[in-house]
$ cat data.txt   # compact mmCIF, N, CA and C atoms and all ligand atoms
# COMPACT_ATOMS: atom_id res chain seq x y z
N MET A 27 -8.83 -2.35 16.47
CA MET A 27 -7.83 -2.91 15.56
C MET A 27 -7.03 -1.78 14.92
N LYS A 28 -5.73 -1.96 14.87
CA LYS A 28 -4.86 -0.99 14.21
C LYS A 28 -4.52 -1.49 12.80
N ILE A 29 -4.70 -0.60 11.82
CA ILE A 29 -4.36 -0.93 10.44
C ILE A 29 -3.24 -0.01 9.98
N LEU A 30 -2.21 -0.60 9.37
CA LEU A 30 -1.12 0.20 8.81
C LEU A 30 -1.39 0.44 7.34
N LEU A 31 -1.23 1.69 6.92
CA LEU A 31 -1.35 2.06 5.50
C LEU A 31 -0.01 2.63 5.09
N LEU A 32 0.75 1.86 4.32
CA LEU A 32 2.11 2.26 3.97
C LEU A 32 2.22 2.56 2.48
N HIS A 33 2.92 3.65 2.19
CA HIS A 33 3.12 4.08 0.81
C HIS A 33 4.61 4.20 0.54
N GLY A 34 5.05 3.61 -0.55
CA GLY A 34 6.46 3.63 -0.91
C GLY A 34 6.85 4.86 -1.72
N PRO A 35 8.00 4.76 -2.39
CA PRO A 35 8.61 5.92 -3.04
C PRO A 35 7.74 6.55 -4.13
N ASN A 36 7.81 7.85 -4.18
CA ASN A 36 7.16 8.69 -5.20
C ASN A 36 5.65 8.81 -5.02
N LEU A 37 5.09 8.07 -4.10
CA LEU A 37 3.64 8.17 -3.91
C LEU A 37 3.25 9.45 -3.18
N ASN A 38 4.23 10.13 -2.57
CA ASN A 38 3.96 11.46 -2.02
C ASN A 38 3.68 12.47 -3.13
N MET A 39 3.98 12.11 -4.38
CA MET A 39 3.77 13.01 -5.50
C MET A 39 2.43 12.76 -6.22
N LEU A 40 1.62 11.88 -5.66
CA LEU A 40 0.31 11.61 -6.29
C LEU A 40 -0.46 12.92 -6.46
N GLY A 41 -1.17 13.02 -7.57
CA GLY A 41 -1.89 14.25 -7.89
C GLY A 41 -1.13 15.07 -8.92
N ARG A 42 0.22 15.05 -8.78
CA ARG A 42 1.07 15.78 -9.73
C ARG A 42 1.83 14.82 -10.63
N ARG A 43 2.04 13.61 -10.13
CA ARG A 43 2.88 12.64 -10.82
C ARG A 43 2.07 11.86 -11.86
N GLU A 44 2.45 11.95 -13.13
CA GLU A 44 1.80 11.17 -14.20
C GLU A 44 0.30 10.99 -13.94
N PRO A 45 -0.46 12.07 -13.94
CA PRO A 45 -1.89 11.94 -13.58
C PRO A 45 -2.69 11.06 -14.53
N ASP A 46 -2.20 10.93 -15.76
CA ASP A 46 -2.89 10.03 -16.69
C ASP A 46 -2.77 8.57 -16.24
N VAL A 47 -1.72 8.25 -15.50
CA VAL A 47 -1.52 6.88 -15.00
C VAL A 47 -2.10 6.73 -13.60
N TYR A 48 -1.86 7.74 -12.73
CA TYR A 48 -2.18 7.59 -11.30
C TYR A 48 -3.35 8.44 -10.83
N GLY A 49 -3.91 9.26 -11.72
CA GLY A 49 -5.05 10.09 -11.33
C GLY A 49 -4.61 11.37 -10.65
N ARG A 50 -5.59 12.14 -10.22
CA ARG A 50 -5.31 13.46 -9.63
C ARG A 50 -5.55 13.49 -8.12
N THR A 51 -5.92 12.37 -7.55
CA THR A 51 -6.15 12.32 -6.11
C THR A 51 -4.80 12.32 -5.39
N THR A 52 -4.67 13.17 -4.39
CA THR A 52 -3.39 13.28 -3.67
C THR A 52 -3.29 12.21 -2.58
N LEU A 53 -2.07 12.04 -2.10
CA LEU A 53 -1.86 11.07 -1.02
C LEU A 53 -2.63 11.50 0.23
N ALA A 54 -2.62 12.80 0.51
CA ALA A 54 -3.35 13.29 1.69
C ALA A 54 -4.83 12.95 1.58
N GLU A 55 -5.39 13.12 0.39
CA GLU A 55 -6.82 12.80 0.20
C GLU A 55 -7.09 11.31 0.39
N ILE A 56 -6.16 10.49 -0.10
CA ILE A 56 -6.32 9.04 0.08
C ILE A 56 -6.29 8.70 1.57
N ASN A 57 -5.31 9.25 2.27
CA ASN A 57 -5.19 8.94 3.70
C ASN A 57 -6.43 9.36 4.47
N VAL A 58 -6.98 10.53 4.13
CA VAL A 58 -8.20 11.01 4.81
C VAL A 58 -9.36 10.05 4.54
N ALA A 59 -9.53 9.66 3.29
CA ALA A 59 -10.66 8.80 2.93
C ALA A 59 -10.55 7.44 3.63
N VAL A 60 -9.34 6.88 3.65
CA VAL A 60 -9.17 5.56 4.28
C VAL A 60 -9.34 5.70 5.80
N ARG A 61 -8.78 6.77 6.37
CA ARG A 61 -8.90 6.95 7.82
C ARG A 61 -10.35 7.12 8.23
N GLU A 62 -11.11 7.93 7.47
CA GLU A 62 -12.53 8.15 7.82
C GLU A 62 -13.28 6.83 7.86
N ARG A 63 -13.02 6.00 6.86
CA ARG A 63 -13.76 4.73 6.82
C ARG A 63 -13.30 3.79 7.93
N ALA A 64 -12.01 3.82 8.22
CA ALA A 64 -11.50 2.95 9.29
C ALA A 64 -12.07 3.37 10.63
N VAL A 65 -12.04 4.66 10.91
CA VAL A 65 -12.53 5.17 12.20
C VAL A 65 -14.02 4.89 12.33
N ALA A 66 -14.77 5.08 11.23
CA ALA A 66 -16.22 4.81 11.27
C ALA A 66 -16.49 3.36 11.63
N ALA A 67 -15.56 2.49 11.29
CA ALA A 67 -15.74 1.06 11.59
C ALA A 67 -15.13 0.68 12.94
N GLY A 68 -14.60 1.69 13.65
CA GLY A 68 -14.05 1.41 14.97
C GLY A 68 -12.60 0.97 14.95
N ALA A 69 -11.92 1.17 13.83
CA ALA A 69 -10.50 0.81 13.73
C ALA A 69 -9.64 2.08 13.77
N GLU A 70 -8.37 1.85 14.00
CA GLU A 70 -7.40 2.95 14.06
C GLU A 70 -6.50 2.82 12.83
N LEU A 71 -6.17 3.95 12.19
CA LEU A 71 -5.32 3.90 11.00
C LEU A 71 -4.02 4.63 11.25
N LEU A 72 -2.91 3.96 10.94
CA LEU A 72 -1.60 4.61 11.00
C LEU A 72 -1.08 4.67 9.56
N ALA A 73 -1.00 5.88 9.00
CA ALA A 73 -0.56 6.05 7.61
C ALA A 73 0.86 6.61 7.58
N PHE A 74 1.67 6.08 6.66
CA PHE A 74 3.07 6.49 6.59
C PHE A 74 3.56 6.34 5.15
N GLN A 75 4.28 7.35 4.69
CA GLN A 75 4.91 7.28 3.35
C GLN A 75 6.39 7.53 3.49
N SER A 76 7.18 6.80 2.71
CA SER A 76 8.61 7.12 2.65
C SER A 76 9.18 6.76 1.29
N ASN A 77 10.18 7.53 0.91
CA ASN A 77 10.93 7.21 -0.31
C ASN A 77 12.08 6.25 -0.02
N HIS A 78 12.18 5.81 1.24
CA HIS A 78 13.32 5.00 1.66
C HIS A 78 12.84 3.64 2.18
N GLU A 79 13.39 2.60 1.63
CA GLU A 79 12.96 1.24 2.00
C GLU A 79 13.17 0.99 3.50
N GLY A 80 14.32 1.43 4.03
CA GLY A 80 14.61 1.19 5.44
C GLY A 80 13.61 1.86 6.37
N ALA A 81 13.13 3.03 5.97
CA ALA A 81 12.17 3.74 6.81
C ALA A 81 10.84 2.98 6.86
N LEU A 82 10.45 2.39 5.74
CA LEU A 82 9.23 1.57 5.72
C LEU A 82 9.41 0.34 6.61
N ILE A 83 10.59 -0.25 6.54
CA ILE A 83 10.88 -1.43 7.36
C ILE A 83 10.87 -1.07 8.84
N ASP A 84 11.43 0.08 9.17
CA ASP A 84 11.42 0.52 10.58
C ASP A 84 9.99 0.61 11.11
N VAL A 85 9.08 1.16 10.31
CA VAL A 85 7.69 1.28 10.76
C VAL A 85 7.05 -0.10 10.88
N LEU A 86 7.32 -0.97 9.95
CA LEU A 86 6.76 -2.33 10.03
C LEU A 86 7.25 -3.04 11.29
N GLN A 87 8.54 -2.86 11.60
CA GLN A 87 9.08 -3.53 12.79
C GLN A 87 8.49 -2.94 14.07
N ALA A 88 8.26 -1.63 14.08
CA ALA A 88 7.78 -0.96 15.29
C ALA A 88 6.27 -1.12 15.46
N GLU A 89 5.54 -1.14 14.36
CA GLU A 89 4.07 -1.07 14.45
C GLU A 89 3.36 -2.29 13.88
N GLY A 90 4.08 -3.16 13.21
CA GLY A 90 3.43 -4.25 12.48
C GLY A 90 3.01 -5.42 13.34
N TRP A 91 3.68 -5.59 14.50
CA TRP A 91 3.44 -6.80 15.27
C TRP A 91 2.06 -6.85 15.91
N ASP A 92 1.55 -5.69 16.28
CA ASP A 92 0.21 -5.69 16.89
C ASP A 92 -0.84 -5.12 15.92
N ALA A 93 -0.49 -5.05 14.65
CA ALA A 93 -1.46 -4.55 13.67
C ALA A 93 -2.43 -5.66 13.28
N GLY A 94 -3.67 -5.25 12.99
CA GLY A 94 -4.66 -6.22 12.53
C GLY A 94 -4.61 -6.42 11.03
N GLY A 95 -3.92 -5.52 10.35
CA GLY A 95 -3.80 -5.64 8.89
C GLY A 95 -2.86 -4.59 8.36
N VAL A 96 -2.28 -4.88 7.22
CA VAL A 96 -1.37 -3.94 6.56
C VAL A 96 -1.85 -3.75 5.12
N ILE A 97 -2.00 -2.48 4.74
CA ILE A 97 -2.26 -2.13 3.34
C ILE A 97 -1.01 -1.43 2.85
N ILE A 98 -0.40 -1.94 1.79
CA ILE A 98 0.85 -1.34 1.34
C ILE A 98 0.90 -1.21 -0.18
N ASN A 99 1.22 0.00 -0.62
CA ASN A 99 1.61 0.21 -2.01
C ASN A 99 3.11 0.43 -1.98
N PRO A 100 3.88 -0.58 -2.34
CA PRO A 100 5.33 -0.46 -2.20
C PRO A 100 5.98 0.37 -3.30
N GLY A 101 5.19 0.93 -4.24
CA GLY A 101 5.78 1.68 -5.34
C GLY A 101 6.76 0.78 -6.09
N ALA A 102 7.87 1.37 -6.52
CA ALA A 102 8.84 0.58 -7.30
C ALA A 102 9.52 -0.50 -6.47
N PHE A 103 9.48 -0.40 -5.14
CA PHE A 103 10.05 -1.47 -4.31
C PHE A 103 9.32 -2.79 -4.56
N THR A 104 8.09 -2.69 -5.07
CA THR A 104 7.33 -3.89 -5.44
C THR A 104 8.18 -4.85 -6.26
N HIS A 105 8.98 -4.28 -7.13
CA HIS A 105 9.61 -5.10 -8.16
C HIS A 105 10.99 -5.63 -7.76
N TYR A 106 11.56 -5.08 -6.68
CA TYR A 106 12.90 -5.56 -6.29
C TYR A 106 13.20 -5.42 -4.80
N GLY A 107 12.21 -5.01 -4.00
CA GLY A 107 12.49 -4.69 -2.59
C GLY A 107 12.51 -5.92 -1.70
N LEU A 108 13.61 -6.66 -1.72
CA LEU A 108 13.65 -7.92 -0.98
C LEU A 108 13.69 -7.72 0.54
N ALA A 109 14.33 -6.63 0.99
CA ALA A 109 14.35 -6.38 2.43
C ALA A 109 12.94 -6.01 2.92
N LEU A 110 12.22 -5.25 2.12
CA LEU A 110 10.83 -4.92 2.47
C LEU A 110 9.98 -6.19 2.49
N ARG A 111 10.20 -7.03 1.52
CA ARG A 111 9.46 -8.31 1.47
C ARG A 111 9.73 -9.13 2.74
N ASP A 112 11.00 -9.21 3.16
CA ASP A 112 11.33 -9.99 4.35
C ASP A 112 10.66 -9.41 5.59
N ALA A 113 10.60 -8.08 5.68
CA ALA A 113 9.95 -7.44 6.83
C ALA A 113 8.47 -7.78 6.85
N LEU A 114 7.84 -7.76 5.69
CA LEU A 114 6.41 -8.11 5.62
C LEU A 114 6.19 -9.58 5.95
N ALA A 115 7.09 -10.43 5.46
CA ALA A 115 6.94 -11.88 5.67
C ALA A 115 7.00 -12.26 7.14
N SER A 116 7.66 -11.43 7.95
CA SER A 116 7.83 -11.78 9.36
C SER A 116 6.57 -11.48 10.18
N LEU A 117 5.63 -10.74 9.60
CA LEU A 117 4.43 -10.34 10.35
C LEU A 117 3.35 -11.41 10.28
N ASN A 118 2.45 -11.37 11.27
CA ASN A 118 1.31 -12.30 11.27
C ASN A 118 0.07 -11.70 10.62
N ALA A 119 0.02 -10.38 10.53
CA ALA A 119 -1.19 -9.72 10.06
C ALA A 119 -1.40 -9.96 8.57
N PRO A 120 -2.67 -9.97 8.12
CA PRO A 120 -2.92 -10.03 6.69
C PRO A 120 -2.37 -8.78 5.99
N ILE A 121 -1.85 -8.97 4.80
CA ILE A 121 -1.20 -7.89 4.04
C ILE A 121 -1.87 -7.79 2.68
N ILE A 122 -2.35 -6.59 2.37
CA ILE A 122 -2.93 -6.36 1.05
C ILE A 122 -2.00 -5.43 0.28
N GLU A 123 -1.53 -5.90 -0.86
CA GLU A 123 -0.68 -5.11 -1.75
C GLU A 123 -1.58 -4.35 -2.72
N VAL A 124 -1.43 -3.04 -2.77
CA VAL A 124 -2.29 -2.22 -3.62
C VAL A 124 -1.44 -1.49 -4.66
N HIS A 125 -1.91 -1.50 -5.90
CA HIS A 125 -1.33 -0.66 -6.95
C HIS A 125 -2.44 0.14 -7.59
N ILE A 126 -2.20 1.41 -7.73
CA ILE A 126 -3.20 2.29 -8.34
C ILE A 126 -3.39 1.92 -9.81
N SER A 127 -2.29 1.71 -10.50
CA SER A 127 -2.36 1.36 -11.92
C SER A 127 -2.41 -0.16 -12.08
N ASN A 128 -2.83 -0.59 -13.27
CA ASN A 128 -2.78 -2.02 -13.59
C ASN A 128 -1.37 -2.32 -14.08
N VAL A 129 -0.54 -2.76 -13.14
CA VAL A 129 0.88 -2.97 -13.46
C VAL A 129 1.07 -4.02 -14.56
N TYR A 130 0.09 -4.89 -14.73
CA TYR A 130 0.23 -5.98 -15.71
C TYR A 130 -0.04 -5.51 -17.14
N ARG A 131 -0.55 -4.30 -17.28
CA ARG A 131 -0.73 -3.71 -18.61
C ARG A 131 0.40 -2.75 -18.96
N ARG A 132 1.39 -2.67 -18.10
CA ARG A 132 2.45 -1.69 -18.28
C ARG A 132 3.78 -2.38 -18.65
N GLU A 133 4.89 -1.71 -18.40
CA GLU A 133 6.19 -2.25 -18.81
C GLU A 133 6.44 -3.61 -18.15
N PRO A 134 7.17 -4.49 -18.84
CA PRO A 134 7.41 -5.84 -18.30
C PRO A 134 8.03 -5.84 -16.90
N PHE A 135 8.89 -4.85 -16.59
CA PHE A 135 9.52 -4.89 -15.26
C PHE A 135 8.50 -4.73 -14.14
N ARG A 136 7.31 -4.18 -14.49
CA ARG A 136 6.27 -4.02 -13.46
C ARG A 136 5.43 -5.28 -13.27
N HIS A 137 5.65 -6.28 -14.10
CA HIS A 137 4.82 -7.49 -14.02
C HIS A 137 5.25 -8.41 -12.89
N THR A 138 6.46 -8.19 -12.38
CA THR A 138 6.96 -9.03 -11.29
C THR A 138 6.85 -8.29 -9.97
N SER A 139 6.23 -8.95 -8.98
CA SER A 139 6.17 -8.42 -7.62
C SER A 139 6.88 -9.38 -6.69
N VAL A 140 7.91 -8.88 -5.99
CA VAL A 140 8.55 -9.73 -4.97
C VAL A 140 7.75 -9.68 -3.67
N ILE A 141 6.76 -8.80 -3.61
CA ILE A 141 5.91 -8.66 -2.43
C ILE A 141 4.74 -9.64 -2.48
N ALA A 142 4.21 -9.88 -3.66
CA ALA A 142 2.99 -10.69 -3.80
C ALA A 142 3.07 -12.05 -3.11
N PRO A 143 4.21 -12.75 -3.17
CA PRO A 143 4.25 -14.07 -2.52
C PRO A 143 4.10 -14.03 -1.00
N VAL A 144 4.33 -12.87 -0.39
CA VAL A 144 4.16 -12.79 1.07
C VAL A 144 2.92 -11.99 1.44
N ALA A 145 2.16 -11.57 0.44
CA ALA A 145 0.92 -10.83 0.71
C ALA A 145 -0.25 -11.79 0.74
N THR A 146 -1.30 -11.36 1.42
CA THR A 146 -2.53 -12.15 1.44
C THR A 146 -3.24 -12.03 0.09
N GLY A 147 -3.23 -10.82 -0.44
CA GLY A 147 -3.87 -10.57 -1.73
C GLY A 147 -3.36 -9.30 -2.34
N GLN A 148 -3.79 -9.06 -3.56
CA GLN A 148 -3.30 -7.90 -4.31
C GLN A 148 -4.46 -7.25 -5.04
N ILE A 149 -4.45 -5.91 -5.07
CA ILE A 149 -5.43 -5.15 -5.85
C ILE A 149 -4.64 -4.24 -6.77
N ALA A 150 -4.90 -4.31 -8.06
CA ALA A 150 -4.15 -3.49 -9.02
C ALA A 150 -5.09 -2.97 -10.09
N GLY A 151 -4.93 -1.69 -10.44
CA GLY A 151 -5.63 -1.14 -11.58
C GLY A 151 -6.97 -0.51 -11.28
N LEU A 152 -7.35 -0.42 -10.02
CA LEU A 152 -8.66 0.14 -9.67
C LEU A 152 -8.55 1.56 -9.14
N GLY A 153 -7.39 2.19 -9.41
CA GLY A 153 -7.21 3.58 -8.98
C GLY A 153 -7.09 3.67 -7.47
N TRP A 154 -7.26 4.89 -6.95
CA TRP A 154 -7.06 5.09 -5.51
C TRP A 154 -8.12 4.36 -4.68
N ARG A 155 -9.25 4.02 -5.29
CA ARG A 155 -10.29 3.30 -4.54
C ARG A 155 -9.85 1.89 -4.16
N GLY A 156 -8.77 1.42 -4.77
CA GLY A 156 -8.22 0.13 -4.37
C GLY A 156 -7.87 0.11 -2.89
N TYR A 157 -7.45 1.27 -2.35
CA TYR A 157 -7.12 1.32 -0.91
C TYR A 157 -8.38 1.09 -0.07
N LEU A 158 -9.49 1.69 -0.51
CA LEU A 158 -10.75 1.50 0.24
C LEU A 158 -11.21 0.05 0.17
N LEU A 159 -11.03 -0.55 -1.01
CA LEU A 159 -11.42 -1.96 -1.16
C LEU A 159 -10.57 -2.86 -0.25
N ALA A 160 -9.29 -2.53 -0.18
CA ALA A 160 -8.40 -3.30 0.71
C ALA A 160 -8.86 -3.15 2.16
N LEU A 161 -9.18 -1.93 2.55
CA LEU A 161 -9.65 -1.69 3.92
C LEU A 161 -10.94 -2.46 4.19
N ASP A 162 -11.88 -2.39 3.25
CA ASP A 162 -13.15 -3.09 3.44
C ASP A 162 -12.91 -4.59 3.64
N TRP A 163 -11.99 -5.14 2.87
CA TRP A 163 -11.72 -6.57 3.01
C TRP A 163 -11.14 -6.86 4.40
N LEU A 164 -10.18 -6.03 4.82
CA LEU A 164 -9.59 -6.25 6.15
C LEU A 164 -10.64 -6.14 7.24
N LEU A 165 -11.50 -5.11 7.14
CA LEU A 165 -12.51 -4.90 8.19
C LEU A 165 -13.50 -6.04 8.23
N SER A 166 -13.81 -6.60 7.08
CA SER A 166 -14.83 -7.65 7.06
C SER A 166 -14.25 -9.01 7.39
N SER A 167 -12.97 -9.18 7.27
CA SER A 167 -12.41 -10.51 7.46
C SER A 167 -11.63 -10.68 8.75
N VAL A 168 -11.34 -9.57 9.42
CA VAL A 168 -10.57 -9.64 10.65
C VAL A 168 -11.46 -9.16 11.79
N GLU A 169 -11.44 -9.86 12.89
CA GLU A 169 -12.23 -9.42 14.04
C GLU A 169 -11.64 -8.16 14.62
N HIS A 170 -12.49 -7.21 14.96
CA HIS A 170 -11.98 -5.99 15.59
C HIS A 170 -13.02 -5.42 16.52
C1 LIG A 201 2.57 1.56 -8.48
C2 LIG A 201 3.16 0.79 -9.67
C3 LIG A 201 4.66 0.70 -9.57
O1 LIG A 201 5.19 -0.01 -10.69
C4 LIG A 201 5.26 2.09 -9.56
O2 LIG A 201 6.68 1.99 -9.40
C5 LIG A 201 4.66 2.97 -8.54
C6 LIG A 201 3.21 2.92 -8.33
C7 LIG A 201 1.05 1.76 -8.60
O3 LIG A 201 0.45 2.17 -7.61
O4 LIG A 201 0.47 1.56 -9.67
O5 LIG A 201 5.33 3.80 -7.93
O6 LIG A 201 2.81 0.80 -7.29
$ encode --input "data.txt" --output "C-alpha cells"
Amino acid sequence: MKILLLHGPNLNMLGRREPDVYGRTTLAEINVAVRERAVAAGAELLAFQSNHEGALIDVLQAEGWDAGGVIINPGAFTHYGLALRDALASLNAPIIEVHISNVYRREPFRHTSVIAPVATGQIAGLGWRGYLLALDWLLSSVEH
C-alpha cells in the first residue's frame, strides 16, 4: 500500500518556526519517523512538502489515485484552500487531516477547515505524533 504524506506551506520550517506552538521536531524527523513505521508495516510512504497549493494538487493528481491513504497537514490552506479541497474530494482513498497544534484553541480564523468535510477524520493538537496516529489508523483500517 502506498501512503501519501503531504505538508503544506511553512511546515518546512518546523523546528525553527514558533517552537512554542509547533515544537522543535523538524519536518525531516517527522518524515523519517512516519516512513520507518510505514515500511515496518509493509507500506510505502511518499512524503512531499510545498508552499504552493498547485504543487500539492499536482502530487495528489499524479499519486493519489492508487494511494491507500493520504495524511495531510494543509497548513494555512486548511482555512481557505478550496482547490486543494476539490483535489482531495476527487480521491477514493481515506484522508486524515493532521494539525500539530490544537487549532480550536487558537485564533478564530483557524477554527474553520474547508478540508475537514472531505476528510475521513482529523487529528489536531497532539503535536507531531499526530502523524504517527494517523498512519496507525490507516494501517489498521485499510487492507495492505
Ligand atoms: C497547522 C495549523 C494552521 O492553522 C497553520 O496555518 C499551520 C499549521 C498545524 O499543524 O497546527 O501552518 O496546520
$ residues_near_point --input "data.txt" --point "(-10.3, -2.7, 1.2)" --cutoff "12 Å" --atoms "only C-alpha atoms" --output "mmCIF file with N, CA and C atoms, keeping the file's coordinate frame"
data_model
loop_
_atom_site.group_PDB
_atom_site.id
_atom_site.type_symbol
_atom_site.label_atom_id
_atom_site.label_comp_id
_atom_site.auth_asym_id
_atom_site.auth_seq_id
_atom_site.Cartn_x
_atom_site.Cartn_y
_atom_site.Cartn_z
ATOM 1 N N ILE A 29 -4.700 -0.600 11.820
ATOM 2 C CA ILE A 29 -4.360 -0.930 10.440
ATOM 3 C C ILE A 29 -3.240 -0.010 9.980
ATOM 4 N N LEU A 31 -1.230 1.690 6.920
ATOM 5 C CA LEU A 31 -1.350 2.060 5.500
ATOM 6 C C LEU A 31 -0.010 2.630 5.090
ATOM 7 N N ALA A 59 -9.530 9.660 3.290
ATOM 8 C CA ALA A 59 -10.660 8.800 2.930
ATOM 9 C C ALA A 59 -10.550 7.440 3.630
ATOM 10 N N VAL A 60 -9.340 6.880 3.650
ATOM 11 C CA VAL A 60 -9.170 5.560 4.280
ATOM 12 C C VAL A 60 -9.340 5.700 5.800
ATOM 13 N N ARG A 61 -8.780 6.770 6.370
ATOM 14 C CA ARG A 61 -8.900 6.950 7.820
ATOM 15 C C ARG A 61 -10.350 7.120 8.230
ATOM 16 N N ARG A 63 -13.020 6.000 6.860
ATOM 17 C CA ARG A 63 -13.760 4.730 6.820
ATOM 18 C C ARG A 63 -13.300 3.790 7.930
ATOM 19 N N ALA A 64 -12.010 3.820 8.220
ATOM 20 C CA ALA A 64 -11.500 2.950 9.290
ATOM 21 C C ALA A 64 -12.070 3.370 10.630
ATOM 22 N N GLY A 95 -3.920 -5.520 10.350
ATOM 23 C CA GLY A 95 -3.800 -5.640 8.890
ATOM 24 C C GLY A 95 -2.860 -4.590 8.360
ATOM 25 N N VAL A 96 -2.280 -4.880 7.220
ATOM 26 C CA VAL A 96 -1.370 -3.940 6.560
ATOM 27 C C VAL A 96 -1.850 -3.750 5.120
ATOM 28 N N ILE A 97 -2.000 -2.480 4.740
ATOM 29 C CA ILE A 97 -2.260 -2.130 3.340
ATOM 30 C C ILE A 97 -1.010 -1.430 2.850
ATOM 31 N N ILE A 98 -0.400 -1.940 1.790
ATOM 32 C CA ILE A 98 0.850 -1.340 1.340
ATOM 33 C C ILE A 98 0.900 -1.210 -0.180
ATOM 34 N N PRO A 120 -2.670 -9.970 8.120
ATOM 35 C CA PRO A 120 -2.920 -10.030 6.690
ATOM 36 C C PRO A 120 -2.370 -8.780 5.990
ATOM 37 N N ILE A 121 -1.850 -8.970 4.800
ATOM 38 C CA ILE A 121 -1.200 -7.890 4.040
ATOM 39 C C ILE A 121 -1.870 -7.790 2.680
ATOM 40 N N ILE A 122 -2.350 -6.590 2.370
ATOM 41 C CA ILE A 122 -2.930 -6.360 1.050
ATOM 42 C C ILE A 122 -2.000 -5.430 0.280
ATOM 43 N N GLU A 123 -1.530 -5.900 -0.860
ATOM 44 C CA GLU A 123 -0.680 -5.110 -1.750
ATOM 45 C C GLU A 123 -1.580 -4.350 -2.720
ATOM 46 N N VAL A 124 -1.430 -3.040 -2.770
ATOM 47 C CA VAL A 124 -2.290 -2.220 -3.620
ATOM 48 C C VAL A 124 -1.440 -1.490 -4.660
ATOM 49 N N GLY A 147 -3.230 -10.820 -0.440
ATOM 50 C CA GLY A 147 -3.870 -10.570 -1.730
ATOM 51 C C GLY A 147 -3.360 -9.300 -2.340
ATOM 52 N N GLN A 148 -3.790 -9.060 -3.560
ATOM 53 C CA GLN A 148 -3.300 -7.900 -4.310
ATOM 54 C C GLN A 148 -4.460 -7.250 -5.040
ATOM 55 N N ILE A 149 -4.450 -5.910 -5.070
ATOM 56 C CA ILE A 149 -5.430 -5.150 -5.850
ATOM 57 C C ILE A 149 -4.640 -4.240 -6.770
ATOM 58 N N ALA A 150 -4.900 -4.310 -8.060
ATOM 59 C CA ALA A 150 -4.150 -3.490 -9.020
ATOM 60 C C ALA A 150 -5.090 -2.970 -10.090
ATOM 61 N N LEU A 152 -7.350 -0.420 -10.020
ATOM 62 C CA LEU A 152 -8.660 0.140 -9.670
ATOM 63 C C LEU A 152 -8.550 1.560 -9.140
ATOM 64 N N TRP A 154 -7.260 4.890 -6.950
ATOM 65 C CA TRP A 154 -7.060 5.090 -5.510
ATOM 66 C C TRP A 154 -8.120 4.360 -4.680
ATOM 67 N N ARG A 155 -9.250 4.020 -5.290
ATOM 68 C CA ARG A 155 -10.290 3.300 -4.540
ATOM 69 C C ARG A 155 -9.850 1.890 -4.160
ATOM 70 N N GLY A 156 -8.770 1.420 -4.770
ATOM 71 C CA GLY A 156 -8.220 0.130 -4.370
ATOM 72 C C GLY A 156 -7.870 0.110 -2.890
ATOM 73 N N TYR A 157 -7.450 1.270 -2.350
ATOM 74 C CA TYR A 157 -7.120 1.320 -0.910
ATOM 75 C C TYR A 157 -8.380 1.090 -0.070
ATOM 76 N N LEU A 158 -9.490 1.690 -0.510
ATOM 77 C CA LEU A 158 -10.750 1.500 0.240
ATOM 78 C C LEU A 158 -11.210 0.050 0.170
ATOM 79 N N LEU A 159 -11.030 -0.550 -1.010
ATOM 80 C CA LEU A 159 -11.420 -1.960 -1.160
ATOM 81 C C LEU A 159 -10.570 -2.860 -0.250
ATOM 82 N N ALA A 160 -9.290 -2.530 -0.180
ATOM 83 C CA ALA A 160 -8.400 -3.300 0.710
ATOM 84 C C ALA A 160 -8.860 -3.150 2.160
ATOM 85 N N LEU A 161 -9.180 -1.930 2.550
ATOM 86 C CA LEU A 161 -9.650 -1.690 3.920
ATOM 87 C C LEU A 161 -10.940 -2.460 4.190
ATOM 88 N N ASP A 162 -11.880 -2.390 3.250
ATOM 89 C CA ASP A 162 -13.150 -3.090 3.440
ATOM 90 C C ASP A 162 -12.910 -4.590 3.640
ATOM 91 N N TRP A 163 -11.990 -5.140 2.870
ATOM 92 C CA TRP A 163 -11.720 -6.570 3.010
ATOM 93 C C TRP A 163 -11.140 -6.860 4.400
ATOM 94 N N LEU A 164 -10.180 -6.030 4.820
ATOM 95 C CA LEU A 164 -9.590 -6.250 6.150
ATOM 96 C C LEU A 164 -10.640 -6.140 7.240
ATOM 97 N N LEU A 165 -11.500 -5.110 7.140
ATOM 98 C CA LEU A 165 -12.510 -4.900 8.190
ATOM 99 C C LEU A 165 -13.500 -6.040 8.230
ATOM 100 N N SER A 166 -13.810 -6.600 7.080
ATOM 101 C CA SER A 166 -14.830 -7.650 7.060
ATOM 102 C C SER A 166 -14.250 -9.010 7.390
ATOM 103 N N SER A 167 -12.970 -9.180 7.270
ATOM 104 C CA SER A 167 -12.410 -10.510 7.460
ATOM 105 C C SER A 167 -11.630 -10.680 8.750
ATOM 106 N N VAL A 168 -11.340 -9.570 9.420
ATOM 107 C CA VAL A 168 -10.570 -9.640 10.650
ATOM 108 C C VAL A 168 -11.460 -9.160 11.790
#
$ axis_aligned_box --input "data.txt" --around "ligand LIG 201 (chain A)" --padding-each-side "3 Å" --output "JSON"
{"center_x": 3.6, "center_y": 1.9, "center_z": -9.0, "size_x": 12.2, "size_y": 9.8, "size_z": 9.4}
$ closest_atom_pairs --input "data.txt" --of "chain A" --to "ligand LIG 201 (chain A)" --cutoff "6 Å" --atoms "only N, CA and C atoms and all ligand atoms" --output "Markdown table"
| residue | atom | partner | partner_atom | distance |
| --- | --- | --- | --- | --- |
| A:Pro35 | C | A:LIG201 | O5 | 5.3 |
| A:Asn36 | C | A:LIG201 | O5 | 5.8 |
| A:Leu37 | N | A:LIG201 | O5 | 5.7 |
| A:Asn99 | C | A:LIG201 | O6 | 5.3 |
| A:Pro100 | C | A:LIG201 | O6 | 5.1 |
| A:Gly101 | CA | A:LIG201 | O5 | 3.4 |
| A:Ala102 | N | A:LIG201 | O2 | 3.2 |
| A:Phe103 | N | A:LIG201 | O2 | 5.6 |
| A:Val124 | C | A:LIG201 | O3 | 5.1 |
| A:His125 | CA | A:LIG201 | O3 | 3.4 |
| A:Ile126 | N | A:LIG201 | O3 | 2.8 |
| A:Ser127 | N | A:LIG201 | O4 | 2.9 |
| A:Asn128 | N | A:LIG201 | O4 | 5.3 |
| A:Val129 | N | A:LIG201 | O4 | 5.6 |
| A:Arg136 | CA | A:LIG201 | O1 | 5.0 |
$ atom_distance --input "data.txt" --atom1 "atom N of Thr104 of chain A" --atom2 "atom C of Ala73 of chain A"
17.3 Å
